[in-house]
Amino acid sequence: MTHPGLTSESTEAFSRAARTYQQRVFDFIARRVQNMNQAAELANTAIQNAWQDYRAGAESSRARQTAQPGDALSLVAFLAPAYRLTCGQHGQHGQRAASPAQLKTQLETQPGRNGTASTPPAALALARLNPEERELLQMSMWDDLTTVEIAQLTGEQPDAIAAQLAAARTAFERELGSLSEGGEQA
């Protein structure tokens with residue numbers, strides 16, 4: 001079934017893109033919420049919201065006769081609703097980056113390589129960063145997003161994101177160095 005403003009080809013293109021990005025959307029959300037059932041629900045909601053955004057964009061593009069389907073089917077088009085749900089100021093679930101104490105608790109309960117609970121120094125250093133630095137590093141390193149993609153998600157300029165990422169990396173390296181010198185645990 002097609003929707004007003006969409007052809008069957010564009011509906012199928014969205015479906016293919018949704019299947020392609022579904023795991024990335026889930027992973028993005030799962031790194032930001034503690035409950036995997038909630039992560040699965042939010043991932044489904046994010047895909048549904050991406051569909052609504054796609055439909056609205058197709059309808060307005062058709063009215064302007066300037067359809068650009070490639071942009072509407074990018075990874076960022078699928079992660080934007082996930083970001084709004086978990087990180088954005090208007091997310092229903094208000095799940096901004098975990099506090100250092102929450103992150104440390106999460107990390108300490110994860111089994112280490114030898115089967116015992118352990119917290120790697122890099123994880124502790126990450127937990128010591130402020131939430132904005134932690135979120136930027138998470139998007140860059142764990143979510144494997146480019147500076148431009150992060151800028152698109154956050155609504156900031158790529159140059160500003162690049163500067164913030166550089167500062168976050170410096171802060172992370174400082175915290176990691178502090179830990180390796182026997183600094184206090186987070």
# chains A, B, ... in the order shown; residues from 1 in each chain; ligands from 1
call {"tool": "residues_around", "arguments": {"residues": "stretch 134-145 of chain A", "least_positions_apart": "3", "cutoff": "10 Å", "atoms": "only C-alpha atoms", "output": "MDAnalysis selection string"}}
result
chainID A and resid 24:25 27:29 31:32 75:76 87 96:100 125:131 148:151 153:154 161:162 164:166 168:169 171:172
call {"tool": "atom_distance", "arguments": {"atom1": "atom CA of A:Asn44", "atom2": "atom CA of A:Thr7"}}
result
23.0 Å
call {"tool": "closest_residue", "arguments": {"among": "A:Ala39, A:Ala46, A:Leu73, A:Ala123", "to": "A:Ser15", "atoms": "only C-alpha atoms"}}
result
A:Leu73
call {"tool": "atom_distance", "arguments": {"atom1": "atom CA of A:Glu41", "atom2": "atom CA of A:Thr119"}}
result
28.6 Å
call {"tool": "residues_around", "arguments": {"residues": "A:Ala18", "least_positions_apart": "2", "cutoff": "9 Å", "atoms": "only C-alpha atoms", "output": "list in words"}}
result
Ala13, Phe14, Ser15, Arg16, Thr20, Tyr21, Gln22, Ile47, Ala50, Trp51, Leu73 and Phe78 of chain A
call {"tool": "atom_distance", "arguments": {"atom1": "atom CA of A:Asn35", "atom2": "atom CA of A:Ala77"}}
result
24.0 Å
call {"tool": "decode", "arguments": {"residues": "stretch 7-21 of chain A", "atoms": "all heavy atoms", "output": "PDB file, in the first residue's frame"}}
result
ATOM      1  N   THR A   7       5.430   6.869  -4.118  1.00  0.00           N
ATOM      2  CA  THR A   7       5.231   5.816  -5.107  1.00  0.00           C
ATOM      3  C   THR A   7       5.567   4.480  -4.467  1.00  0.00           C
ATOM      4  O   THR A   7       6.179   4.428  -3.396  1.00  0.00           O
ATOM      5  CB  THR A   7       6.157   6.034  -6.317  1.00  0.00           C
ATOM      6  OG1 THR A   7       7.516   5.910  -5.867  1.00  0.00           O
ATOM      7  CG2 THR A   7       5.942   7.406  -6.950  1.00  0.00           C
ATOM      8  N   SER A   8       5.198   3.403  -5.103  1.00  0.00           N
ATOM      9  CA  SER A   8       5.546   2.084  -4.567  1.00  0.00           C
ATOM     10  C   SER A   8       7.064   1.908  -4.557  1.00  0.00           C
ATOM     11  O   SER A   8       7.601   1.255  -3.659  1.00  0.00           O
ATOM     12  CB  SER A   8       4.866   0.979  -5.367  1.00  0.00           C
ATOM     13  OG  SER A   8       5.274   1.016  -6.719  1.00  0.00           O
ATOM     14  N   GLU A   9       7.756   2.526  -5.521  1.00  0.00           N
ATOM     15  CA  GLU A   9       9.221   2.438  -5.555  1.00  0.00           C
ATOM     16  C   GLU A   9       9.836   3.149  -4.353  1.00  0.00           C
ATOM     17  O   GLU A   9      10.785   2.646  -3.744  1.00  0.00           O
ATOM     18  CB  GLU A   9       9.785   3.029  -6.851  1.00  0.00           C
ATOM     19  CG  GLU A   9       9.435   2.253  -8.107  1.00  0.00           C
ATOM     20  CD  GLU A   9       8.053   2.626  -8.657  1.00  0.00           C
ATOM     21  OE1 GLU A   9       7.500   3.690  -8.289  1.00  0.00           O
ATOM     22  OE2 GLU A   9       7.518   1.823  -9.444  1.00  0.00           O
ATOM     23  N   SER A  10       9.306   4.317  -4.002  1.00  0.00           N
ATOM     24  CA  SER A  10       9.874   5.040  -2.866  1.00  0.00           C
ATOM     25  C   SER A  10       9.533   4.347  -1.549  1.00  0.00           C
ATOM     26  O   SER A  10      10.343   4.340  -0.620  1.00  0.00           O
ATOM     27  CB  SER A  10       9.436   6.502  -2.849  1.00  0.00           C
ATOM     28  OG  SER A  10       8.035   6.614  -2.755  1.00  0.00           O
ATOM     29  N   THR A  11       8.367   3.724  -1.474  1.00  0.00           N
ATOM     30  CA  THR A  11       8.006   2.965  -0.281  1.00  0.00           C
ATOM     31  C   THR A  11       8.933   1.770  -0.131  1.00  0.00           C
ATOM     32  O   THR A  11       9.422   1.476   0.969  1.00  0.00           O
ATOM     33  CB  THR A  11       6.534   2.507  -0.359  1.00  0.00           C
ATOM     34  OG1 THR A  11       5.703   3.664  -0.474  1.00  0.00           O
ATOM     35  CG2 THR A  11       6.128   1.712   0.856  1.00  0.00           C
ATOM     36  N   GLU A  12       9.201   1.078  -1.227  1.00  0.00           N
ATOM     37  CA  GLU A  12      10.124  -0.059  -1.194  1.00  0.00           C
ATOM     38  C   GLU A  12      11.541   0.399  -0.865  1.00  0.00           C
ATOM     39  O   GLU A  12      12.261  -0.266  -0.120  1.00  0.00           O
ATOM     40  CB  GLU A  12      10.107  -0.819  -2.523  1.00  0.00           C
ATOM     41  CG  GLU A  12      11.024  -2.023  -2.557  1.00  0.00           C
ATOM     42  CD  GLU A  12      10.780  -3.042  -1.450  1.00  0.00           C
ATOM     43  OE1 GLU A  12       9.616  -3.227  -1.033  1.00  0.00           O
ATOM     44  OE2 GLU A  12      11.758  -3.662  -0.995  1.00  0.00           O
ATOM     45  N   ALA A  13      11.955   1.541  -1.370  1.00  0.00           N
ATOM     46  CA  ALA A  13      13.288   2.079  -1.062  1.00  0.00           C
ATOM     47  C   ALA A  13      13.408   2.356   0.435  1.00  0.00           C
ATOM     48  O   ALA A  13      14.441   2.063   1.049  1.00  0.00           O
ATOM     49  CB  ALA A  13      13.552   3.355  -1.856  1.00  0.00           C
ATOM     50  N   PHE A  14      12.360   2.901   1.037  1.00  0.00           N
ATOM     51  CA  PHE A  14      12.386   3.136   2.478  1.00  0.00           C
ATOM     52  C   PHE A  14      12.497   1.804   3.216  1.00  0.00           C
ATOM     53  O   PHE A  14      13.274   1.685   4.166  1.00  0.00           O
ATOM     54  CB  PHE A  14      11.143   3.893   2.955  1.00  0.00           C
ATOM     55  CG  PHE A  14      11.158   4.096   4.450  1.00  0.00           C
ATOM     56  CD1 PHE A  14      11.788   5.201   4.991  1.00  0.00           C
ATOM     57  CD2 PHE A  14      10.601   3.162   5.303  1.00  0.00           C
ATOM     58  CE1 PHE A  14      11.850   5.364   6.365  1.00  0.00           C
ATOM     59  CE2 PHE A  14      10.652   3.311   6.677  1.00  0.00           C
ATOM     60  CZ  PHE A  14      11.283   4.421   7.208  1.00  0.00           C
ATOM     61  N   SER A  15      11.727   0.820   2.803  1.00  0.00           N
ATOM     62  CA  SER A  15      11.763  -0.495   3.463  1.00  0.00           C
ATOM     63  C   SER A  15      13.153  -1.112   3.400  1.00  0.00           C
ATOM     64  O   SER A  15      13.635  -1.672   4.389  1.00  0.00           O
ATOM     65  CB  SER A  15      10.747  -1.446   2.829  1.00  0.00           C
ATOM     66  OG  SER A  15       9.445  -0.976   3.058  1.00  0.00           O
ATOM     67  N   ARG A  16      13.798  -1.003   2.234  1.00  0.00           N
ATOM     68  CA  ARG A  16      15.169  -1.530   2.104  1.00  0.00           C
ATOM     69  C   ARG A  16      16.121  -0.788   3.040  1.00  0.00           C
ATOM     70  O   ARG A  16      16.948  -1.403   3.720  1.00  0.00           O
ATOM     71  CB  ARG A  16      15.656  -1.417   0.662  1.00  0.00           C
ATOM     72  CG  ARG A  16      15.138  -2.495  -0.263  1.00  0.00           C
ATOM     73  CD  ARG A  16      15.876  -2.499  -1.607  1.00  0.00           C
ATOM     74  NE  ARG A  16      15.902  -1.205  -2.267  1.00  0.00           N
ATOM     75  CZ  ARG A  16      14.944  -0.724  -3.056  1.00  0.00           C
ATOM     76  NH1 ARG A  16      13.861  -1.449  -3.294  1.00  0.00           N
ATOM     77  NH2 ARG A  16      15.054   0.456  -3.620  1.00  0.00           N
ATOM     78  N   ALA A  17      16.011   0.534   3.077  1.00  0.00           N
ATOM     79  CA  ALA A  17      16.880   1.330   3.941  1.00  0.00           C
ATOM     80  C   ALA A  17      16.624   1.000   5.414  1.00  0.00           C
ATOM     81  O   ALA A  17      17.568   0.880   6.198  1.00  0.00           O
ATOM     82  CB  ALA A  17      16.679   2.816   3.678  1.00  0.00           C
ATOM     83  N   ALA A  18      15.361   0.818   5.777  1.00  0.00           N
ATOM     84  CA  ALA A  18      15.028   0.485   7.163  1.00  0.00           C
ATOM     85  C   ALA A  18      15.659  -0.849   7.558  1.00  0.00           C
ATOM     86  O   ALA A  18      16.209  -0.975   8.662  1.00  0.00           O
ATOM     87  CB  ALA A  18      13.518   0.447   7.357  1.00  0.00           C
ATOM     88  N   ARG A  19      15.600  -1.829   6.664  1.00  0.00           N
ATOM     89  CA  ARG A  19      16.234  -3.119   6.955  1.00  0.00           C
ATOM     90  C   ARG A  19      17.747  -2.965   7.069  1.00  0.00           C
ATOM     91  O   ARG A  19      18.375  -3.578   7.928  1.00  0.00           O
ATOM     92  CB  ARG A  19      15.878  -4.146   5.882  1.00  0.00           C
ATOM     93  CG  ARG A  19      14.449  -4.664   5.985  1.00  0.00           C
ATOM     94  CD  ARG A  19      14.188  -5.830   5.048  1.00  0.00           C
ATOM     95  NE  ARG A  19      14.362  -5.513   3.647  1.00  0.00           N
ATOM     96  CZ  ARG A  19      13.438  -4.990   2.848  1.00  0.00           C
ATOM     97  NH1 ARG A  19      12.235  -4.731   3.332  1.00  0.00           N
ATOM     98  NH2 ARG A  19      13.685  -4.747   1.590  1.00  0.00           N
ATOM     99  N   THR A  20      18.320  -2.121   6.225  1.00  0.00           N
ATOM    100  CA  THR A  20      19.768  -1.895   6.244  1.00  0.00           C
ATOM    101  C   THR A  20      20.214  -1.261   7.557  1.00  0.00           C
ATOM    102  O   THR A  20      21.237  -1.647   8.117  1.00  0.00           O
ATOM    103  CB  THR A  20      20.183  -0.992   5.062  1.00  0.00           C
ATOM    104  OG1 THR A  20      19.844  -1.658   3.844  1.00  0.00           O
ATOM    105  CG2 THR A  20      21.657  -0.670   5.095  1.00  0.00           C
ATOM    106  N   TYR A  21      19.463  -0.284   8.052  1.00  0.00           N
ATOM    107  CA  TYR A  21      19.876   0.498   9.220  1.00  0.00           C
ATOM    108  C   TYR A  21      19.265   0.036  10.539  1.00  0.00           C
ATOM    109  O   TYR A  21      19.604   0.575  11.589  1.00  0.00           O
ATOM    110  CB  TYR A  21      19.548   1.976   9.009  1.00  0.00           C
ATOM    111  CG  TYR A  21      20.281   2.586   7.845  1.00  0.00           C
ATOM    112  CD1 TYR A  21      19.593   3.316   6.883  1.00  0.00           C
ATOM    113  CD2 TYR A  21      21.657   2.439   7.696  1.00  0.00           C
ATOM    114  CE1 TYR A  21      20.262   3.885   5.810  1.00  0.00           C
ATOM    115  CE2 TYR A  21      22.326   2.998   6.627  1.00  0.00           C
ATOM    116  CZ  TYR A  21      21.621   3.726   5.685  1.00  0.00           C
ATOM    117  OH  TYR A  21      22.288   4.288   4.633  1.00  0.00           O
TER     118      TYR A  21
END
